[in-house]
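Chemist: Please see the structure below; I have some questions.
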Amino acid sequence: MSTNHNTPVHYDAVVIGAGFAGMYMLYKLRQLGLTARVYERGDDVGGTWYWNRYPGARCDVESLEYCYSFDPELEQEWEWTERYPGQPEILRYAQHVAERYDLYRDIQFNTMVTKAAYDDETGHWHVSSAPAVNHIDHNHAPNQDDTDHVTAQYLITAVGCLSSSNVPDIAGIDTFRGEVCHTGRYPKEGIDFAGKRVGIIGTGSSGIQAIPVIAETAEHLTVFQRTPQYAIPARNHPLDPVEQAEVKADYHRLREQNKTQQGALGARFDWNEGSVLDVEVEEAFKEFEARWDIGGFAFLGAYSDIARTPEANHVAADFVKEKIRETVKDPDVAERLIPTTYIGCKRLVLDTDYFVTFNRDNVSLVDISENVIDEITPDGVRLTDGTHYDLDVIVFATGYDAMTGSLLRINIQGRGGLPLAEQWYAGPRTYLGLGVPEFPNMFTITGPGSPSVLANMIVCIEQHVDWIGECIDHMRSNGHSHIEATEEATEAWVDHVNLVASYTLYPTCNSWYLGANIPGKTRVFMPLPGFPDYAKKCEEVAAAGYEGFNLTH
Ligand code: N01
């Protein structure tokens with residue numbers, strides 16, 4: 001369907017992104033009998049799991065919970081092999097879903113949406129796209145001559161919360177003679193680290209997963225750390241077929257129980273309602289030790305106040321600090337690896353052999369919190385004090401312009417040509433994380449202001465797609481052609497998100513939840529803690545005739 005001619009092809013909906021959100025949205029739109037076009041920058045489905053092919057990439061949500069629930073047959077037929085799914089297995093699962101539901105035919109790959117503008121006269125979205133130019137920082141604009149145009153009634157963004165790579169603006173980056181990559185844009189053909197001097201910048205989830213694996217083959221690995229991070233063992237292992245069969249025998253129950261959890265996951269763990277401050281430290285440490293052995297986010301469920309109360313948080317943090325000191329043989333290195341923030345303030349990392357990796361002779365830790373990277377030279381990295389590290393490969397594990405980056409890199413314009421960037425100049429403002437005033441018929445799957453990254457993403461995606469599907473169905477049944485979040489509802493929602501976040505310790509450190517990792521980005525807490533209350537609110541809004549939205553003919 002070429003669209004370069006006079007009359008652009010019209011769809012009921014354009015969906016941006018073919019990750020787990022875009023795929024399920026396409027499935028849902030087809031169920032409703034709507035026409036849809038999905039645009040995807042990569043050459044296959046999978047979204048974040050298409051791009052994140054770095055060594056050690058693995059999900060931190062358990063396989064049996066990190067998968068779709070919309071079709072019981074799909075649930076039963078797919079067999080997971082490990083407790084936590086590795087990137088290749090998740091990608092295979094995404095491809096399986098795309099084939100099983102014949103999704104590929106409506107997805108245009110290798111294409112980036114460059115502009116989406118609402119037309120006040122026709123009430124349609126005009127969507128422009130161009131062949132993708134894939135570069136480690138996603139920033140390269142495609143050749144405008146190649147632009148394609150379509151129109152649509154609905155614009156649905158499924159761009160992912162963590163898909164806009166953050167490659168720091170370091171002088172000399174283009175002069176480096178070796179290989180350079182970002183974990184979120186990892187080359188399909190991989191990188192052979194054998195015999196090479198590798199530098200990795202960043203010690204968040206991606207860096208902490210990649211470091212132990214790269215260290216196994218690199219001649220030398222230099223870890224450039226700006227902020228130390230808490231990590232607890234994932235304890236990944238092959239999935240016991242008996243356990244898998246047991247879950248599948250009553251899958252619905254697990255799904256429903258997960259939806260009652262704050263993070264929409266882990267209902268099989270024991271979540272303790274008590275306070276750590278009501279027990280002796282020895283007893284608390286015994287509890288933490290047991291959960292350390294189990295691995296995973298169950299650690300944070302040891303006591304209910306870890307994420308809320310500073311004194312409670314200190315006890316849990318002290319336990320992990322002790323573990324780091326026990327594990328890392330060089331006391332000086334151990335101290336440099338010990339975080340100073342609250343545990344869980346930044347996304348807690350699940351690791352496999354991270355701290356023990358610093359006992360290897362071929363791994364060194366460089367603190368760049370004050371003595372920062374001054375420049376990248378043709379041969380490596382130079383710090384402010386002049387120290388130079390000779391490198392053959394540089395891996396940026398420097399994270400993402402989270403939650404808003406991928407939306408703002410598209411030129412999205414609402415009523416009267418209002419750019420989304422202008423509407424969000426003081427930080428993202430949404431109603432329910434789903435709608436934006438002045439942007440009629442635009443839905444943002446897992447948008448800022450919804451639980452998204454603070455909960456099991458697949459559950460959040462399904463909840464949003466189901467809600468959007470029901471909303472569109474409602475509109476069609478009632479003769480409404482347009483829906484738009486009101487200013488008042490949005491204002492109140494933004495206040496609500498800030499209030500809920502203020503009850504937690506999340507806003508106390510420089511995390512990407514706040515946009516603090518991106519120079520110049522407005523600091524606003526973007527996700528909403530607490531899946532169950534949020535899902536209930538969405539249901540109530542729908543039941544009240546989409547309260548807070550204007551529905552028009
Ligand atoms: O990114 P991050 P990530 N100079 O932003 C450092 C999900 N995820 O890709 O902390 C030097 O967490 C930065 O330092 P600082 C998960 O939700 C999940 O690792 O800002 N360093 C930090 O150390 C996760 O939270 C999985 O001071 C710079 C690191 O780079 C999210 O994705 C796996 C720098 C970035 O850490 C993002 O994780 C992977 C600079 N200019 C990712 N800029 C799993 O499911 C940044 N840094 C397991």
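Every chain in the structure tokens has a letter given in the order shown (A, B, ...), and although residue numbers restart at 1 in each chain, ligands are simply numbered from 1 in the order shown.
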Can I get the residues close to ligand 1 as an MDAnalysis selection string, where close means within 8 Å and we count only C-alpha atoms and all ligand atoms?
Modeler: chainID A and resid 52 57:61 162 166:170 183:184 201:209 224:229 346:351 368:369 372:373 396:400 453 510:512 516:518
Chemist: Write the selection just made, keeping N, CA and C atoms, as a compact mmCIF listing (two decimals), in the first residue's frame?
Modeler:
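Writing the result to out36.txt gives the following:
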# COMPACT_ATOMS: atom_id res chain seq x y z
N ASN A 52 17.86 -5.22 22.77
CA ASN A 52 18.78 -5.49 23.89
C ASN A 52 19.39 -6.88 23.79
N ALA A 57 21.78 -10.38 28.70
CA ALA A 57 20.46 -9.72 28.76
C ALA A 57 19.38 -10.72 29.16
N ARG A 58 18.69 -10.40 30.20
CA ARG A 58 17.70 -11.33 30.76
C ARG A 58 16.66 -10.51 31.50
N CYS A 59 15.43 -10.95 31.47
CA CYS A 59 14.37 -10.22 32.16
C CYS A 59 14.46 -10.48 33.66
N ASP A 60 14.04 -9.50 34.44
CA ASP A 60 14.08 -9.69 35.90
C ASP A 60 12.70 -10.09 36.45
N VAL A 61 11.76 -10.33 35.56
CA VAL A 61 10.46 -10.88 35.97
C VAL A 61 10.46 -12.34 35.51
N LEU A 162 11.55 2.25 27.77
CA LEU A 162 13.02 2.27 27.83
C LEU A 162 13.55 1.89 26.46
N ASN A 166 20.30 6.45 25.79
CA ASN A 166 21.02 7.63 26.27
C ASN A 166 22.51 7.40 26.04
N VAL A 167 23.04 8.03 25.02
CA VAL A 167 24.49 7.96 24.79
C VAL A 167 25.04 9.32 25.20
N PRO A 168 25.82 9.37 26.29
CA PRO A 168 26.28 10.67 26.79
C PRO A 168 27.07 11.44 25.74
N ASP A 169 26.93 12.73 25.83
CA ASP A 169 27.59 13.61 24.88
C ASP A 169 29.03 13.83 25.35
N ILE A 170 29.91 12.89 25.05
CA ILE A 170 31.30 12.98 25.50
C ILE A 170 32.17 13.40 24.32
N THR A 183 24.13 -0.81 24.92
CA THR A 183 23.47 -2.09 25.21
C THR A 183 22.07 -2.18 24.60
N GLY A 184 21.41 -1.02 24.50
CA GLY A 184 20.05 -1.01 23.96
C GLY A 184 20.00 -0.95 22.45
N ILE A 201 30.78 1.55 30.32
CA ILE A 201 30.39 2.75 31.07
C ILE A 201 28.96 2.55 31.54
N GLY A 202 28.76 2.56 32.86
CA GLY A 202 27.41 2.40 33.39
C GLY A 202 27.24 1.11 34.16
N THR A 203 26.65 1.24 35.34
CA THR A 203 26.44 0.07 36.21
C THR A 203 24.99 0.03 36.70
N GLY A 204 24.04 0.16 35.76
CA GLY A 204 22.64 -0.09 36.06
C GLY A 204 22.32 -1.55 35.73
N SER A 205 21.06 -1.85 35.51
CA SER A 205 20.67 -3.25 35.24
C SER A 205 21.44 -3.83 34.05
N SER A 206 21.57 -3.04 32.98
CA SER A 206 22.22 -3.56 31.77
C SER A 206 23.70 -3.83 32.03
N GLY A 207 24.39 -2.85 32.60
CA GLY A 207 25.82 -3.03 32.87
C GLY A 207 26.06 -4.19 33.82
N ILE A 208 25.25 -4.27 34.85
CA ILE A 208 25.45 -5.31 35.87
C ILE A 208 25.20 -6.72 35.29
N GLN A 209 24.31 -6.81 34.31
CA GLN A 209 24.11 -8.10 33.65
C GLN A 209 25.25 -8.41 32.69
N PHE A 224 33.64 1.53 34.25
CA PHE A 224 33.57 2.93 34.64
C PHE A 224 32.26 3.16 35.38
N GLN A 225 32.37 3.40 36.68
CA GLN A 225 31.18 3.49 37.52
C GLN A 225 30.97 4.92 38.03
N ARG A 226 29.78 5.47 37.73
CA ARG A 226 29.47 6.80 38.27
C ARG A 226 28.75 6.68 39.61
N THR A 227 27.80 5.72 39.68
CA THR A 227 27.05 5.52 40.93
C THR A 227 26.95 4.03 41.20
N PRO A 228 27.39 3.59 42.39
CA PRO A 228 27.23 2.16 42.69
C PRO A 228 25.76 1.79 42.86
N GLN A 229 25.44 0.53 42.60
CA GLN A 229 24.04 0.09 42.60
C GLN A 229 23.87 -1.12 43.51
N LYS A 346 16.59 3.48 43.20
CA LYS A 346 16.77 3.20 41.78
C LYS A 346 16.25 1.78 41.59
N ARG A 347 15.88 1.43 40.40
CA ARG A 347 15.37 0.09 40.14
C ARG A 347 16.35 -0.95 40.70
N LEU A 348 15.87 -1.80 41.60
CA LEU A 348 16.73 -2.83 42.17
C LEU A 348 17.18 -3.78 41.06
N VAL A 349 18.47 -4.12 41.08
CA VAL A 349 18.99 -4.96 40.00
C VAL A 349 19.07 -6.41 40.48
N LEU A 350 18.68 -7.33 39.64
CA LEU A 350 18.91 -8.75 39.92
C LEU A 350 20.16 -9.16 39.16
N ASP A 351 21.10 -9.75 39.84
CA ASP A 351 22.37 -10.05 39.17
C ASP A 351 22.70 -11.53 39.19
N ILE A 368 34.17 7.08 38.43
CA ILE A 368 34.14 8.33 37.64
C ILE A 368 33.11 9.30 38.21
N SER A 369 32.81 9.15 39.51
CA SER A 369 31.81 10.05 40.09
C SER A 369 32.33 11.48 40.15
N VAL A 372 35.61 12.59 36.25
CA VAL A 372 34.70 12.12 35.19
C VAL A 372 35.44 11.86 33.88
N ILE A 373 34.74 11.24 32.95
CA ILE A 373 35.34 11.02 31.62
C ILE A 373 35.41 12.38 30.93
N PHE A 396 28.56 1.24 25.95
CA PHE A 396 27.76 2.19 26.73
C PHE A 396 26.58 1.43 27.34
N ALA A 397 26.60 1.34 28.66
CA ALA A 397 25.45 0.75 29.37
C ALA A 397 24.80 1.89 30.14
N THR A 398 24.57 2.98 29.41
CA THR A 398 24.23 4.26 30.04
C THR A 398 22.72 4.54 30.04
N GLY A 399 21.93 3.53 29.77
CA GLY A 399 20.50 3.66 29.99
C GLY A 399 19.74 4.42 28.92
N TYR A 400 18.64 5.02 29.35
CA TYR A 400 17.65 5.54 28.40
C TYR A 400 17.12 6.90 28.81
N VAL A 453 6.76 0.91 34.32
CA VAL A 453 8.06 0.38 34.72
C VAL A 453 8.14 -0.01 36.20
N ASN A 510 18.85 10.17 42.28
CA ASN A 510 18.91 10.60 40.87
C ASN A 510 18.63 9.46 39.92
N SER A 511 17.38 9.07 39.82
CA SER A 511 17.08 7.92 38.98
C SER A 511 16.46 8.35 37.65
N TRP A 512 16.38 7.38 36.74
CA TRP A 512 15.71 7.68 35.47
C TRP A 512 14.20 7.78 35.66
N ALA A 516 16.38 12.11 36.00
CA ALA A 516 17.60 12.75 36.51
C ALA A 516 18.85 12.31 35.76
N ASN A 517 18.75 11.24 34.96
CA ASN A 517 19.94 10.75 34.24
C ASN A 517 20.19 11.51 32.94
N ILE A 518 19.22 12.33 32.54
CA ILE A 518 19.36 13.04 31.26
C ILE A 518 19.61 14.53 31.55
Chemist: Using the chain letters and numbers from this document, which residues of region 448-479 of chain A does DSSP assign to helix (DSSP H, G or I), as a list of chain:residue names?
Modeler: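 The helix (DSSP H, G or I) subset of region 448-479 of chain A is A:Ser452, A:Val453, A:Leu454, A:Met457, A:Ile458, A:Val459, A:Cys460, A:Ile461, A:Glu462, A:Gln463, A:His464, A:Val465, A:Asp466, A:Trp467, A:Ile468, A:Gly469, A:Glu470, A:Cys471, A:Ile472, A:Asp473, A:His474, A:Met475, A:Arg476, A:Ser477.
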Chemist: Give me a file of those residues, with C-alpha atoms, as a short mmCIF file (atom, residue, chain, number, x, y, z; two decimals), in the first residue's frame.
Modeler:
data_model
loop_
_atom_site.label_atom_id
_atom_site.label_comp_id
_atom_site.auth_asym_id
_atom_site.auth_seq_id
_atom_site.Cartn_x
_atom_site.Cartn_y
_atom_site.Cartn_z
CA SER A 452 4.41 0.77 33.70
CA VAL A 453 8.06 0.38 34.72
CA LEU A 454 7.18 -0.02 38.41
CA MET A 457 5.22 -4.57 31.97
CA ILE A 458 3.25 -7.33 30.27
CA VAL A 459 0.42 -7.03 32.79
CA CYS A 460 0.44 -3.24 32.38
CA ILE A 461 0.40 -3.57 28.60
CA GLU A 462 -2.53 -5.97 28.63
CA GLN A 463 -4.46 -3.77 31.04
CA HIS A 464 -3.93 -0.70 28.85
CA VAL A 465 -4.68 -2.43 25.56
CA ASP A 466 -7.85 -3.99 26.98
CA TRP A 467 -8.92 -0.58 28.31
CA ILE A 468 -8.23 1.16 24.98
CA GLY A 469 -10.05 -1.61 23.09
CA GLU A 470 -13.11 -1.30 25.31
CA CYS A 471 -13.01 2.47 25.03
CA ILE A 472 -12.94 2.38 21.23
CA ASP A 473 -15.73 -0.20 21.25
CA HIS A 474 -17.76 2.04 23.55
CA MET A 475 -17.19 5.02 21.28
CA ARG A 476 -18.31 3.14 18.22
CA SER A 477 -21.40 1.77 19.95
#
Chemist: Which neighbours of region 439-451 of chain A fall inside 7 Å, counting only C-alpha atoms, when residues of the same chain fewer than 3 positions from it are skipped, and could you give them as a count of residues only?
Modeler: 32
Chemist: Give me, as JSON lines, each residue of region 56-88 of chain A that comes within 12 Å of region 250-274 of chain A, together with its shortest interatomic pair and the distance in Å at one decimal, counting only C-alpha atoms, with rows ordered by chain and rising residue number.
Modeler:
{"residue": "A:Asp60", "atom": "CA", "partner": "A:Leu265", "partner_atom": "CA", "distance": 10.8}
{"residue": "A:Val61", "atom": "CA", "partner": "A:Leu265", "partner_atom": "CA", "distance": 7.6}
{"residue": "A:Glu62", "atom": "CA", "partner": "A:Gly266", "partner_atom": "CA", "distance": 8.2}
{"residue": "A:Ser63", "atom": "CA", "partner": "A:Leu265", "partner_atom": "CA", "distance": 10.9}
{"residue": "A:Leu64", "atom": "CA", "partner": "A:Tyr251", "partner_atom": "CA", "distance": 9.1}
{"residue": "A:Glu65", "atom": "CA", "partner": "A:Leu265", "partner_atom": "CA", "distance": 6.8}
{"residue": "A:Tyr66", "atom": "CA", "partner": "A:Leu265", "partner_atom": "CA", "distance": 8.7}
{"residue": "A:Cys67", "atom": "CA", "partner": "A:Arg255", "partner_atom": "CA", "distance": 10.4}
{"residue": "A:Tyr68", "atom": "CA", "partner": "A:Arg255", "partner_atom": "CA", "distance": 9.9}
{"residue": "A:Ser69", "atom": "CA", "partner": "A:Arg255", "partner_atom": "CA", "distance": 7.5}
{"residue": "A:Phe70", "atom": "CA", "partner": "A:His252", "partner_atom": "CA", "distance": 10.2}
{"residue": "A:Asp71", "atom": "CA", "partner": "A:His252", "partner_atom": "CA", "distance": 10.6}
{"residue": "A:Pro72", "atom": "CA", "partner": "A:Tyr251", "partner_atom": "CA", "distance": 8.4}
{"residue": "A:Glu73", "atom": "CA", "partner": "A:Tyr251", "partner_atom": "CA", "distance": 11.1}
{"residue": "A:Leu74", "atom": "CA", "partner": "A:Tyr251", "partner_atom": "CA", "distance": 11.5}
{"residue": "A:Glu75", "atom": "CA", "partner": "A:Tyr251", "partner_atom": "CA", "distance": 8.0}
{"residue": "A:Gln76", "atom": "CA", "partner": "A:Tyr251", "partner_atom": "CA", "distance": 8.7}
Chemist: Quick one: residues within 9 Å of His388 (chain A), only C-alpha atoms counted, chain neighbours fewer than 5 positions away excluded, as a tab-separated table (two decimals) with N, CA and C atoms, in the first residue's frame?
Modeler:
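Dumped everything to out.tsv:
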chain	number	residue	atom	x	y	z
A	377	THR	N	39.16	9.20	23.19
A	377	THR	CA	40.23	9.43	22.23
A	377	THR	C	40.18	8.32	21.18
A	379	ASP	N	42.04	6.00	20.97
A	379	ASP	CA	42.52	4.74	21.57
A	379	ASP	C	41.86	4.38	22.89
A	380	GLY	N	40.91	5.16	23.34
A	380	GLY	CA	40.29	4.80	24.61
A	380	GLY	C	39.58	5.95	25.29
A	381	VAL	N	39.75	5.98	26.61
A	381	VAL	CA	39.01	6.94	27.42
A	381	VAL	C	39.98	7.71	28.30
A	382	ARG	N	39.78	9.04	28.35
A	382	ARG	CA	40.64	9.84	29.22
A	382	ARG	C	39.78	10.51	30.29
A	383	LEU	N	40.24	10.42	31.54
A	383	LEU	CA	39.51	11.06	32.64
A	383	LEU	C	40.03	12.49	32.84
Chemist: Which is closest to Thr357 (chain A) among A:Val45, A:Val328, A:Ile90, A:Ala284, if we use only C-alpha atoms?
Modeler: A:Val328
Chemist: Please identify the strand (DSSP E) residues within region 4-174 of chain A (assignment by DSSP from backbone atoms) and present them as number ranges by chain.
Modeler: A: 9-16, 36-39, 107-108, 111-119, 124-131, 148-157
